[in-house]
Amino acid sequence: MTLKSLHFPSILLCFIIITFVSGCASLDNYMVLNDDESNTLSEQQVQDETENDPDLVESEPLMCLKEELQELNLTGMWSPSLRSPMGQLQDDVQYDFPVVINKQVQMYLNLFQGKQRNQFAEWLARSGRYKTIMQEQLMEAGLPTDLMYLSMIESGYYELACSRSKAVGLWQFMQPTGKQYNLKVDKYVDERRDAIKSTQAAVSYLSDLYDEFGDWYLAVAAYNGGPGTIRNGLRQHNVNDFWELASKKHLSLETKRYVPKLIAALIIAKDPERYGFTNINYQQPLGYDTITVGPGMPLDAIALISDSSLKEIKELNHELKNNRTPVNQVEYEVKVPEARGTLAQKNLSRLHTIATTGYKTHKIRKGDTLSSICRRYDVNKTTILKVNNLRSSKLRTGYNLRIPYNTLTYQLLPEGSSDAMLAYKDSLILHRIKKGETVSKISQKYGVTPEMIVAWNGLKNTHTIRAGQQLALYVDNGNQATNIPQTASRKNDTANSNLMVLHSEKKKHFTSKEDLFHYYSVRNGDSLWSISRKFSASTTDIKKWNKLKSNLIHPGSTLKLKKG
């Protein structure tokens, strides 16, 4: 919705508008939009990557918006003459943002000490995590350090906060505004959720707003309502003061509330004990080390190499949307807990990825078809038929289907272990790309994820391959062996042959020569090297006994091994 002049006689209609517009850093591109254009872009006008992001939560400052606006309405007219001197403020508290006390500011002081007391105490506690980085950047830019409390009333100092209009992060940037201030937003990362980068963007935006309006109240109001709204209001009503503009029927109540709410928040935050906020357990200042890793590196792998928990790594890297580094970047600088960077860098070369196949269960419902189930789980029909030992596509309601999927686990190779390194290197498979092949097709063929292929080969993304190019793939030793002889149906073999169902072997009659051998069914994670170690045979002999031309073996196939 556009934030134009509101000339509605009914307060009820104003509340309807407020329901659809939330506080955020709005887009008003100085190089693109003129005074007559809208200062915001609607969700329909912008393809927002925020949609359906499961990590995001409702911005806390908006949870009690209705109650807040009702209280604010009771304060009456916004008249400049109602402003009071700063006699109510402590002389020993220093402010670098202009502070006044009037009826609207007093309303927020009462609200924060009353109905919203618990919420405000939580915001104070969180402020400890961000105070240092925010004040340092504001000070470096020559801006009032008290502007750090703008983030408090925007998001409650929560990096994953999201408004109804899809403003995101500590500073509640809309996607277009974020991109205007160099915050990358795509399906892999959302830098509005990055504490450092979003603060840099907010400082730049606030600096631009102050340069235009020369007044901090107007600049802060423009941060919420958009500079076009403020610019038009000053011109239409021939005023140059926020309080005078607020007394006119131009700004929405939500935008008007922004200034007194900030003033009240910083007054309490800078002298909390005076207002009854004692024993606040402030969070520790944000600290971290960084290491550079490749594309598609999962956060649980980063937790492993840095001897950290997955929760710690996720909290330091909220900008990563898929719990892994972007697959479309050759390198990415990821954060690890403070003093863990050296350890993580040392362990990086020891990180070993193991790909196996897991299974989930799908209960067949009325109306389900094999095609619809395949689309839902991104598995081809042949694979589902094989894993469930089905001969036709007919499904019976109420029955369960096994659905295969790739699972990845990680381990650190023993430090200085030549055997472990040999196992890792011996699992190497070189694949020459054929015309028409894609990373996705190759990943299905070998039972690994596209992201792993990108990481192993230093690709920029999954699209940067060409016919004739050689890829390095690693099929690692994972599962324990078994001596129960089994065979696998190879009929209609597809790229997903590693997912075939194994059937008990029918009775066979062997010649006396065959009696010298027993049979081993290859499992997920097996390599020729791991099998040779288990059965005390060389890889050369195993290849010879089974007429193999390479070290490549597939789960589900049967190997002939000489009895020892």
# chains A, B, ... in the order shown; residues from 1 in each chain; ligands from 1
call {"tool": "residues_around", "arguments": {"residues": "Met134 of chain A", "least_positions_apart": "6", "cutoff": "10 Å", "atoms": "only C-alpha atoms", "output": "PyMOL selection string"}}
result
chain A and resi 127+140+145-149+151+195-196+199-200+202-203
call {"tool": "write_last_selection", "arguments": {"atoms": "N, CA and C atoms", "output": "compact mmCIF listing (two decimals), in the first residue's frame"}}
result
# COMPACT_ATOMS: atom_id res chain seq x y z
N SER A 127 19.76 -6.15 24.26
CA SER A 127 20.55 -5.01 23.78
C SER A 127 22.04 -5.21 24.07
N GLU A 140 31.27 5.95 14.25
CA GLU A 140 32.18 6.07 13.12
C GLU A 140 31.59 6.92 12.01
N THR A 145 24.72 7.93 18.85
CA THR A 145 24.75 6.52 19.25
C THR A 145 23.42 6.06 19.85
N ASP A 146 22.60 7.03 20.30
CA ASP A 146 21.29 6.67 20.84
C ASP A 146 20.37 6.09 19.77
N LEU A 147 20.75 6.21 18.50
CA LEU A 147 19.94 5.62 17.43
C LEU A 147 19.95 4.10 17.48
N MET A 148 20.81 3.50 18.30
CA MET A 148 20.79 2.04 18.43
C MET A 148 19.43 1.56 18.95
N TYR A 149 18.72 2.44 19.69
CA TYR A 149 17.42 2.04 20.25
C TYR A 149 16.32 2.05 19.20
N SER A 151 16.54 0.15 16.68
CA SER A 151 16.43 -1.29 16.45
C SER A 151 15.56 -1.96 17.52
N ALA A 195 23.58 -9.26 11.52
CA ALA A 195 23.66 -8.14 12.46
C ALA A 195 24.62 -7.06 11.98
N ILE A 196 25.79 -7.45 11.49
CA ILE A 196 26.80 -6.48 11.09
C ILE A 196 26.39 -5.75 9.82
N THR A 199 23.28 -3.51 10.15
CA THR A 199 23.57 -2.28 10.90
C THR A 199 24.31 -1.28 10.01
N GLN A 200 25.24 -1.76 9.20
CA GLN A 200 25.92 -0.88 8.25
C GLN A 200 24.93 -0.23 7.30
N ALA A 202 21.66 0.27 7.86
CA ALA A 202 20.80 1.18 8.60
C ALA A 202 21.52 2.51 8.87
N VAL A 203 22.80 2.42 9.20
CA VAL A 203 23.58 3.64 9.44
C VAL A 203 23.64 4.49 8.16
call {"tool": "residues_around", "arguments": {"residues": "segment 331-347 of chain A", "least_positions_apart": "5", "cutoff": "6 Å", "atoms": "only C-alpha atoms", "output": "list in words"}}
result
Gly287, Tyr288, Asp289, Thr290, Ile291, Thr292, Val293, Gly294, Ile305, Ser306 and Leu316 of chain A
call {"tool": "atom_distance", "arguments": {"atom1": "atom CA of Pro260 of chain A", "atom2": "atom CA of Ile101 of chain A"}}
result
8.5 Å
call {"tool": "residues_around", "arguments": {"residues": "Ala221 of chain A", "least_positions_apart": "5", "cutoff": "12 Å", "atoms": "only C-alpha atoms", "output": "count of residues only"}}
result
35
call {"tool": "select_by_dssp", "arguments": {"residues": "segment 307-483 of chain A", "states": "alpha helix (DSSP H)", "output": "PyMOL selection string"}}
result
chain A and resi 310-316+341-348+370-377+381-387+418-426+439-446+450-457
